[in-house]
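J.: This one is my_file-v1.cif, mmCIF, C-alpha atoms.
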```
data_run
#
loop_
_atom_site.label_atom_id
_atom_site.label_comp_id
_atom_site.auth_asym_id
_atom_site.auth_seq_id
_atom_site.Cartn_x
_atom_site.Cartn_y
_atom_site.Cartn_z
CA MET A 268 115.84 125.02 105.64
CA ARG A 269 112.74 123.40 107.14
CA ILE A 270 110.76 121.53 104.49
CA LEU A 271 107.39 119.80 104.71
CA VAL A 272 106.95 117.06 102.10
CA ILE A 273 103.30 116.17 101.49
CA GLY A 274 103.39 112.62 100.15
CA GLU A 275 106.74 111.90 101.79
CA THR A 276 106.49 108.10 101.55
CA GLY A 277 105.91 107.94 97.78
CA MET A 278 108.47 107.29 95.06
CA ILE A 279 109.24 110.97 94.55
CA GLY A 280 108.50 112.28 98.04
CA SER A 281 110.80 109.79 99.73
CA ARG A 282 113.66 110.69 97.43
CA VAL A 283 113.11 114.42 97.84
CA ALA A 284 113.19 113.92 101.62
CA ALA A 285 116.39 111.86 101.40
CA GLU A 286 118.09 114.39 99.12
CA ALA A 287 117.13 117.30 101.37
CA LEU A 288 118.27 115.48 104.52
CA GLY A 289 121.55 114.62 102.81
CA ARG A 290 122.17 118.33 102.25
CA GLY A 291 121.53 119.17 105.90
CA HIS A 292 117.96 120.40 105.69
CA SER A 293 115.23 119.53 108.20
CA VAL A 294 112.38 117.48 106.70
CA SER A 295 108.90 116.68 107.99
CA GLY A 296 106.41 114.44 106.21
CA MET A 297 102.65 114.47 105.85
CA THR A 298 100.72 111.56 104.32
CA ARG A 299 97.14 110.38 104.13
CA SER A 300 97.93 107.28 106.21
CA GLY A 301 100.45 108.72 108.65
CA ALA A 302 102.79 105.86 107.72
CA GLU A 303 106.48 105.73 108.61
CA GLY A 304 106.23 108.41 111.26
CA THR A 305 104.64 111.05 109.02
CA ALA A 306 101.86 113.34 110.19
CA PRO A 307 98.44 112.01 109.09
CA GLY A 308 96.30 114.32 106.99
CA GLU A 309 94.67 114.96 103.64
CA ALA A 310 96.27 117.49 101.33
CA SER A 311 92.77 118.79 100.64
CA ASP A 312 92.39 119.71 104.33
CA ALA A 313 93.68 123.28 104.52
CA ALA A 314 93.65 123.28 108.32
CA ALA A 315 95.83 120.16 108.48
CA VAL A 316 98.23 121.57 105.91
CA ALA A 317 98.46 124.83 107.86
CA GLN A 318 99.05 122.97 111.11
CA TYR A 319 101.90 120.85 109.79
CA ALA A 320 103.42 123.58 107.59
CA ASP A 321 103.69 125.98 110.51
CA ASP A 322 107.29 126.99 111.24
CA HIS A 323 108.54 125.55 107.95
CA ASP A 324 110.25 127.47 105.17
CA ALA A 325 108.84 125.55 102.21
CA VAL A 326 106.34 122.86 101.23
CA VAL A 327 106.77 120.20 98.56
CA LEU A 328 103.52 118.74 97.21
CA ALA A 329 104.46 115.24 96.00
CA ILE A 330 101.19 113.36 95.63
CA ALA A 331 99.72 111.55 92.65
CA PRO A 332 96.11 111.60 91.49
CA PRO A 333 94.03 108.44 92.03
CA ARG A 334 95.27 105.48 89.99
CA ASP A 335 92.35 103.13 90.63
CA GLY A 336 90.42 104.04 87.50
CA SER A 337 88.29 106.65 89.26
CA GLU A 338 88.04 110.28 88.12
CA ALA A 339 91.45 111.80 88.80
CA THR A 340 91.16 115.53 88.22
CA GLY A 341 88.70 116.41 91.00
CA PRO A 342 90.69 114.87 93.87
CA LEU A 343 93.99 116.34 92.67
CA LEU A 344 92.51 119.82 92.30
CA ALA A 345 90.96 119.51 95.77
CA ALA A 346 94.42 118.68 97.11
CA GLY A 347 95.93 121.62 95.27
CA ARG A 348 93.34 124.04 96.63
CA GLY A 349 93.78 122.66 100.15
CA VAL A 350 97.54 123.14 99.98
CA LEU A 351 97.28 126.69 98.64
CA ALA A 352 94.82 127.64 101.38
CA GLY A 353 96.89 125.90 104.05
CA LEU A 354 100.07 127.70 103.03
CA ARG A 355 98.28 131.03 103.22
CA GLN A 356 96.93 130.21 106.68
CA ALA A 357 100.41 129.25 107.87
CA GLY A 358 102.09 132.25 106.24
CA ILE A 359 104.31 130.04 104.06
CA ARG A 360 105.09 131.35 100.57
CA ARG A 361 107.43 128.75 99.02
CA LEU A 362 105.82 125.79 97.25
CA ILE A 363 107.28 123.15 94.95
CA VAL A 364 104.75 121.03 93.05
CA VAL A 365 105.82 117.62 91.77
CA GLY A 366 104.06 117.67 88.43
CA GLY A 367 103.53 115.51 85.38
CA ALA A 368 105.02 115.37 81.91
CA GLY A 369 101.76 115.16 79.95
CA SER A 370 101.25 118.92 79.85
CA LEU A 371 104.67 119.53 78.28
CA GLU A 372 104.56 120.66 74.65
CA VAL A 373 105.97 118.49 71.86
CA ALA A 374 105.15 121.15 69.26
CA PRO A 375 103.70 124.67 69.56
CA GLY A 376 100.30 124.29 71.20
CA VAL A 377 100.48 120.47 71.21
CA ARG A 378 100.83 118.74 74.58
CA LEU A 379 102.35 115.32 75.03
CA VAL A 380 99.07 114.03 76.50
CA ASP A 381 97.22 115.04 73.32
CA THR A 382 99.41 113.01 70.96
CA PRO A 383 97.97 109.78 69.48
CA GLU A 384 100.74 107.62 70.92
CA PHE A 385 100.22 108.74 74.53
CA PRO A 386 99.34 105.63 76.61
CA ALA A 387 95.62 105.55 77.34
CA GLU A 388 96.14 104.13 80.83
CA TYR A 389 98.05 107.26 81.89
CA LYS A 390 95.84 109.85 80.21
CA GLY A 391 93.54 110.51 83.18
CA GLU A 392 96.49 111.12 85.48
CA ALA A 393 98.21 113.33 82.92
CA LEU A 394 95.10 115.45 82.38
CA ALA A 395 94.72 115.82 86.15
CA GLN A 396 98.32 117.00 86.50
CA GLY A 397 97.77 119.48 83.69
CA ALA A 398 94.68 120.81 85.43
CA LEU A 399 96.71 121.24 88.62
CA LEU A 400 99.29 123.27 86.70
CA ASP A 401 96.50 125.50 85.38
CA LEU A 402 95.14 125.91 88.91
CA ILE A 403 98.55 126.90 90.28
CA ARG A 404 99.11 129.38 87.46
CA ASP A 405 95.66 130.91 87.89
CA GLU A 406 95.32 130.98 91.68
CA ALA A 407 98.78 131.00 93.28
CA GLY A 408 100.08 134.36 92.12
CA ASP A 409 100.57 135.46 95.72
CA LEU A 410 102.85 132.47 96.46
CA ASP A 411 106.39 131.63 95.38
CA TRP A 412 105.56 128.42 93.51
CA THR A 413 107.48 126.24 91.10
CA TYR A 414 105.88 123.35 89.18
CA ILE A 415 108.48 120.77 88.13
CA SER A 416 107.58 118.36 85.34
CA PRO A 417 109.69 115.23 84.96
CA ALA A 418 110.70 113.67 81.67
CA ALA A 419 108.20 111.41 79.92
CA VAL A 420 109.68 108.41 81.77
CA ILE A 421 110.59 108.68 85.45
CA GLN A 422 111.51 105.67 87.58
CA PRO A 423 113.88 104.67 90.37
CA GLY A 424 117.49 104.66 89.24
CA GLU A 425 120.84 106.29 89.81
CA ARG A 426 121.64 109.68 91.29
CA THR A 427 124.05 111.30 88.84
CA GLY A 428 123.39 114.99 89.48
CA GLU A 429 123.67 115.50 85.70
CA PHE A 430 120.57 116.50 83.76
CA ARG A 431 119.12 119.31 81.67
CA VAL A 432 116.57 121.87 82.81
CA GLY A 433 113.95 123.21 80.41
CA GLY A 434 110.69 125.11 80.40
CA ASP A 435 107.31 124.14 78.91
CA SER A 436 108.62 121.82 76.17
CA LEU A 437 109.40 118.12 76.49
CA LEU A 438 113.14 117.46 76.59
CA THR A 439 114.47 114.48 74.61
CA ASP A 440 117.91 113.08 73.91
CA ALA A 441 119.50 112.52 70.49
CA ASP A 442 117.50 109.31 70.06
CA GLY A 443 114.18 110.95 70.92
CA ASN A 444 114.00 109.43 74.40
CA SER A 445 112.83 111.45 77.41
CA SER A 446 113.78 110.09 80.81
CA ILE A 447 115.01 110.99 84.30
CA SER A 448 115.64 108.94 87.40
CA ALA A 449 113.54 109.67 90.46
CA GLU A 450 116.80 110.34 92.30
CA ASP A 451 117.93 113.03 89.86
CA TYR A 452 114.45 114.53 89.79
CA ALA A 453 114.78 114.89 93.57
CA VAL A 454 118.13 116.63 93.07
CA ALA A 455 116.36 119.14 90.81
CA VAL A 456 113.65 119.75 93.43
CA VAL A 457 116.12 120.49 96.20
CA ASP A 458 118.29 122.56 93.84
CA GLU A 459 115.28 124.76 93.16
CA LEU A 460 114.44 125.04 96.86
CA GLU A 461 117.98 126.23 97.53
CA LYS A 462 118.46 128.51 94.51
CA ASN A 463 114.96 129.85 93.72
CA GLN A 464 115.71 130.17 90.02
CA ALA A 465 112.25 129.31 88.68
CA VAL A 466 109.79 131.08 90.95
CA ARG A 467 106.24 131.33 89.55
CA ARG A 468 106.90 129.18 86.52
CA ARG A 469 107.05 125.58 85.34
CA ILE A 470 110.29 123.83 84.56
CA THR A 471 111.13 120.33 83.40
CA VAL A 472 114.18 118.11 83.91
CA ALA A 473 115.49 115.26 81.76
CA TYR A 474 118.70 113.66 80.55
#
```
Give the structure from the file, written as structure tokens.
T.:
Amino acid sequence: MRILVIGETGMIGSRVAAEALGRGHSVSGMTRSGAEGTAPGEASDAAAVAQYADDHDAVVLAIAPPRDGSEATGPLLAAGRGVLAGLRQAGIRRLIVVGGAGSLEVAPGVRLVDTPEFPAEYKGEALAQGALLDLIRDEAGDLDWTYISPAAVIQPGERTGEFRVGGDSLLTDADGNSSISAEDYAVAVVDELEKNQAVRRRITVAY
């Protein structure tokens, strides 16, 4: 499979690329800076996305919203719209979106990001990721998309290949903790690319 990873040098994108390469897939990268041999381009630039996605089988969108204190939702939605338009121009249908955990439900109709204990410093990013999920659900019905939310805590760690897969609700362990390593999250992304078990819906992964 030929996979384009947009945001290939980030914490998640780099691990998705490594996992896919380790399984024998072909991986290309696209980043804003063009660092580490990736193609330079903005995700919001549909023409650039179409150019680099051409001749690929799938695209993984693995970028984060701005984390500099500026408004986060607008830039992330612009990136999402650019990627959707670029895929259509290139004739690519398969899209995996690296999402956030804030939009996962902790009770019926109650999102994690809306709970009082949600860290204020992450709220803007979480709301932006939730808006991207809404955009994908509303505007990508003609594409074979999957939005994958991590656990509440995701950080570099060990690749175990052992985790649970859920839907729209936050997954926690017996102690109420919700976590996943970036390496195992990448396993889940490539599993979905290979198996296509969650097309046109959101899933989440956690221990």
J.: What is the CA of Ile273 in chain A to CA of Glu372 in chain A distance in Å?
T.: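 About the pair CA of Ile273 in chain A and CA of Glu372 in chain A: they are 27.2 Å apart.
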J.: So that I can see what lies close to Ala368 in chain A, please list as a count of residues only the residues with an atom at most 6 Å from it, counting only C-alpha atoms and leaving out residues fewer than 2 positions away in the same chain.
T.: 6
J.: Find the residue from A:Tyr414, A:Tyr452, A:Tyr474, A:Phe430 that sits nearest to Val365 in chain A; use only C-alpha atoms when measuring.
T.: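 Using only C-alpha atoms, the shortest distance to Val365 in chain A belongs to A:Tyr414.
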J.: If the PyMOL selection byres ((chain A and resi 314) around 10) were run on this exact file, what residues would it hold? Put them as JSON, numbers by chain.
T.: {"A": [308, 309, 310, 311, 312, 313, 315, 316, 317, 318, 319, 320, 349, 350, 352, 353, 354, 356, 357]}
J.: Sorted by chain and rising residue number, which residues of range 327-422 of chain A lie within 12 Å of range 463-471 of chain A, and what are their closest atom pairs and distances in Å to one decimal, counting only C-alpha atoms, as CSV?
T.:
```
residue,atom,partner,partner_atom,distance
A:Arg360,CA,A:Val466,CA,10.7
A:Arg361,CA,A:Val466,CA,8.7
A:Leu362,CA,A:Val466,CA,9.1
A:Ile363,CA,A:Val466,CA,9.2
A:Val364,CA,A:Arg469,CA,9.2
A:Val365,CA,A:Thr471,CA,10.3
A:Gly366,CA,A:Arg469,CA,9.0
A:Gly367,CA,A:Thr471,CA,9.2
A:Ala368,CA,A:Thr471,CA,8.0
A:Gly369,CA,A:Thr471,CA,11.2
A:Ser370,CA,A:Arg469,CA,10.4
A:Leu371,CA,A:Thr471,CA,8.3
A:Glu372,CA,A:Thr471,CA,10.9
A:Gly397,CA,A:Arg469,CA,11.2
A:Leu399,CA,A:Arg469,CA,11.7
A:Leu400,CA,A:Arg469,CA,8.2
A:Asp401,CA,A:Arg469,CA,10.6
A:Ile403,CA,A:Arg467,CA,8.9
A:Arg404,CA,A:Arg467,CA,7.7
A:Asp405,CA,A:Arg467,CA,10.7
A:Glu406,CA,A:Arg467,CA,11.1
A:Ala407,CA,A:Arg467,CA,8.3
A:Gly408,CA,A:Arg467,CA,7.3
A:Asp409,CA,A:Arg467,CA,9.3
A:Leu410,CA,A:Arg467,CA,7.8
A:Asp411,CA,A:Val466,CA,5.6
A:Trp412,CA,A:Arg467,CA,5.0
A:Thr413,CA,A:Val466,CA,5.4
A:Tyr414,CA,A:Arg469,CA,4.6
A:Ile415,CA,A:Ile470,CA,5.0
A:Ser416,CA,A:Thr471,CA,4.5
A:Pro417,CA,A:Thr471,CA,5.5
A:Ala418,CA,A:Thr471,CA,6.9
A:Ala419,CA,A:Thr471,CA,10.0
A:Ile421,CA,A:Thr471,CA,11.8
```
J.: Residues within 10 Å of Glu388 in chain A, please, as a ChimeraX atom specification. Count only C-alpha atoms; anything in the same chain fewer than 4 positions from it doesn't count.
T.: /A:334,336,392-393
J.: Point out the residue among A:Ala306, A:Ala473, A:Val380, A:Val420 with the least atom-to-atom distance to Val454 in chain A, counting only C-alpha atoms.
T.: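 Using only C-alpha atoms, the shortest distance to Val454 in chain A belongs to A:Ala473.
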J.: Where does the PyMOL selection byres ((chain A and resi 429) around 12) land in this file, that is, which residues does it pick, as a ChimeraX atom specification?
T.: /A:425-428,430-432,447-448,450-455,472-474
J.: Given the PyMOL selection byres ((chain A and resi 281-294) around 6) and the file above, list the residues it selects as a list in words.
T.: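 Applying the expression gives Met268, Arg269, Ile270, Leu271, Glu275, Thr276, Gly277, Met278, Ile279, Gly280, Ser295 and Ala453 of chain A.
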J.: With distances taken over only C-alpha atoms, which residue among A:Ala387, A:Ala331, A:Ala449, A:Leu402 lies nearest Leu351 in chain A?
T.: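 Using only C-alpha atoms, Leu351 in chain A sits closest to A:Leu402.
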J.: Can you measure CA of Ala374 in chain A to CA of Val457 in chain A for me? One decimal in Å is fine.
T.: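 Separating CA of Ala374 in chain A from CA of Val457 in chain A is a distance of 29.1 Å.
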J.: As an exercise, work out the distance from CA of Pro342 in chain A to CA of Ala395 in chain A in Å and give it to one decimal place.
T.: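 Interatomic distance here is 8.8 Å.
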J.: Could you write out as JSON the box around range 421-424 of chain A (axis-aligned, all atoms listed in the file, 4 Å on each side), with centre and edge lengths in Å to one decimal?
T.:
```
{"center_x": 114.0, "center_y": 106.7, "center_z": 87.9, "size_x": 14.9, "size_y": 12.0, "size_z": 12.9}
```
J.: Counting only C-alpha atoms, which residue out of A:Leu394, A:Ala302, A:Val456, A:Val377 sits closest to Glu338 in chain A?
T.: A:Leu394
